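Asks: Have a look at this one before I ask anything.
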Amino acid sequence: EAAGHRLLRTSADPEGVHVLGTLNNCAAGPTPWDTYLTCEETVNKYFFYGEQPPPAGSVEERYGIGSENSYPWYTTDSRFDMRKEPNEYNRFGWVVEIDPFDPASTPKKRTALGRFEHENAVVVVGDKGEAVVYMGDDTEFDYFYKFVGAEPIKKALKAGRSPLDEGTLHVARLEEDGAGRWLP
């Protein structure tokens with residue numbers, strides 16, 4: 001879990017543990033345990049990097065921060081100005097789990113499912129009863145992912161854990177002949 005990591009700490013959340021919103025959500029869908037997953041995509045457009053592009057090879061360049069005209073949110077909320085809050089953009093680009101049946105619940109960013117321009121997240125039950133989440137990256141020429149939960153869904157829920165807390169994230173390796181395999 002990424003909660004508390006130094007790259008998630010901001011002036012509004014010095015510990016880096018609180019979800020302070022979600023944006024540009026795409027492709028919401030149900031889970032077998034009656035929650036919904038929604039995907040944060042195209043988050044790069046919300047953050048202003050400055051007049052100069054990010055350094056070559058930086059994470060900011062990889063995510064396209066500053067490469068497109070951003071929405072001018074930074075003019076009214078400084079958390080979207082990376083010159084003032086350089087870690088804020090790290091808090092977006094996740095799959096977010098929402099429990100629509102519990103009004104007191106807090107949405108949870110499912111960091112084990114990876115951080116990228118999530119287009120979708122579809123959950124199926126695997127052969128051993130575990131959650132298997134298939135995801136696509138909305139960035140041109142990027143990847144397909146699969147997350148396989150570490151334990152059966154029923155066992156995790158009975159123990160008070162989410163089936164998405166622990167598992168292995170895979171990326172698809174596709175060959176020109178149409179063959180493919182999942183790489184952890």
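Chains: A, B, ... in order of the structure tokens. Residues: from 1 per chain. Ligands: from 1, in order shown.
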Give me the stretch 42-74 of chain A side of the contact with stretch 22-32 of chain A, cut-off 9 Å, one line per residue showing its nearest atom pair and distance in Å at one decimal, counting only C-alpha atoms, sorted by chain and residue number, as CSV.
Replies:
residue,atom,partner,partner_atom,distance
A:Thr42,CA,A:Asn24,CA,6.8
A:Val43,CA,A:Asn24,CA,6.8
A:Tyr46,CA,A:Leu23,CA,8.8
Asks: Just to be explicit: take each residue in the selection above, keep N, CA, C and O atoms, and write the result as a tab-separated table (two decimals), in the first residue's frame.
Replies:
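New file selection_34.tsv:
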chain	number	residue	atom	x	y	z
A	42	THR	N	-6.24	10.29	-17.37
A	42	THR	CA	-5.88	11.59	-17.93
A	42	THR	C	-5.67	12.64	-16.85
A	42	THR	O	-6.07	13.79	-17.01
A	43	VAL	N	-5.04	12.26	-15.77
A	43	VAL	CA	-4.84	13.19	-14.65
A	43	VAL	C	-3.80	14.26	-14.96
A	43	VAL	O	-3.77	15.29	-14.31
A	46	TYR	N	-4.71	18.12	-15.28
A	46	TYR	CA	-5.18	18.90	-14.13
A	46	TYR	C	-4.07	19.64	-13.41
A	46	TYR	O	-4.34	20.49	-12.58
Asks: Taking the DSSP assignment computed from this structure's backbone, write out as a list in words all residues of stretch 2-178 of chain A that belong to alpha helix (DSSP H).
Replies: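 Residues meeting the alpha helix (DSSP H) criterion: Val59, Glu60, Glu61, Arg62, Tyr63, Ile153, Lys154, Lys155, Ala156, Leu157 and Lys158 of chain A.
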Asks: As a list in words, please: every residue in stretch 3-99 of chain A that a backbone DSSP assignment puts in strand (DSSP E).
Replies: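 Selecting the strand (DSSP E) positions of stretch 3-99 of chain A gives Asn25, Cys26, Ala27, Ala28, Gly29, Pro30, Tyr36, Leu37, Thr38, Cys39, Glu40, Val95, Val96, Glu97 and Ile98 of chain A.
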Asks: Pull N, CA, C and O atoms from the residues just selected and write them as a compact mmCIF listing (two decimals), in the first residue's frame.
Replies:
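Full text of again.txt as output:
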# COMPACT_ATOMS: atom_id res chain seq x y z
N ASN A 25 -12.82 10.45 -13.55
CA ASN A 25 -13.12 9.04 -13.39
C ASN A 25 -13.74 8.45 -14.65
O ASN A 25 -14.51 9.08 -15.34
N CYS A 26 -13.37 7.21 -14.93
CA CYS A 26 -13.77 6.53 -16.15
C CYS A 26 -14.13 5.08 -15.83
O CYS A 26 -13.55 4.48 -14.94
N ALA A 27 -15.07 4.55 -16.57
CA ALA A 27 -15.37 3.11 -16.60
C ALA A 27 -15.63 2.50 -15.24
O ALA A 27 -14.99 1.53 -14.85
N ALA A 28 -16.57 3.01 -14.49
CA ALA A 28 -16.92 2.41 -13.20
C ALA A 28 -17.61 1.07 -13.42
O ALA A 28 -18.35 0.88 -14.38
N GLY A 29 -17.34 0.13 -12.52
CA GLY A 29 -17.96 -1.18 -12.61
C GLY A 29 -18.04 -1.84 -11.26
O GLY A 29 -17.30 -1.50 -10.34
N PRO A 30 -18.94 -2.81 -11.12
CA PRO A 30 -19.15 -3.48 -9.82
C PRO A 30 -18.10 -4.54 -9.53
O PRO A 30 -17.46 -5.07 -10.44
N TYR A 36 -17.93 -0.59 -5.98
CA TYR A 36 -17.67 -0.19 -7.36
C TYR A 36 -16.25 0.31 -7.49
O TYR A 36 -15.71 0.93 -6.57
N LEU A 37 -15.66 0.01 -8.64
CA LEU A 37 -14.34 0.52 -8.96
C LEU A 37 -14.50 1.58 -10.05
O LEU A 37 -15.20 1.36 -11.02
N THR A 38 -13.85 2.71 -9.84
CA THR A 38 -13.81 3.74 -10.86
C THR A 38 -12.34 4.09 -11.08
O THR A 38 -11.52 3.94 -10.18
N CYS A 39 -12.02 4.51 -12.28
CA CYS A 39 -10.62 4.66 -12.67
C CYS A 39 -10.28 6.11 -12.97
O CYS A 39 -10.98 6.78 -13.72
N GLU A 40 -9.20 6.58 -12.38
CA GLU A 40 -8.72 7.94 -12.63
C GLU A 40 -7.83 7.92 -13.87
O GLU A 40 -6.79 7.26 -13.89
N VAL A 95 -7.00 3.29 -9.26
CA VAL A 95 -8.35 2.73 -9.24
C VAL A 95 -8.91 3.08 -7.87
O VAL A 95 -8.24 2.91 -6.85
N VAL A 96 -10.13 3.59 -7.84
CA VAL A 96 -10.77 4.02 -6.59
C VAL A 96 -11.95 3.10 -6.31
O VAL A 96 -12.82 2.92 -7.17
N GLU A 97 -11.98 2.53 -5.10
CA GLU A 97 -13.09 1.67 -4.69
C GLU A 97 -14.07 2.47 -3.86
O GLU A 97 -13.68 3.14 -2.90
N ILE A 98 -15.34 2.38 -4.24
CA ILE A 98 -16.41 3.12 -3.58
C ILE A 98 -17.47 2.13 -3.12
O ILE A 98 -17.84 1.22 -3.87
Asks: Excluding stretch 141-153 of chain A and its own-chain neighbours fewer than 6 positions away, which residues fall within 9 Å of it when counting only C-alpha atoms? Please give them as JSON, numbers by chain.
Replies: {"A": [32, 33, 112, 113, 114, 125, 126, 128, 129, 130, 131, 132, 133, 134, 135, 162, 163, 164, 165, 166, 167, 168, 169, 170, 171, 172, 173, 182, 184]}
Asks: Between A:Lys158, A:Arg79, A:His118, A:Arg62, single out the one closest to A:Ser11, counting only C-alpha atoms.
Replies: A:Arg79
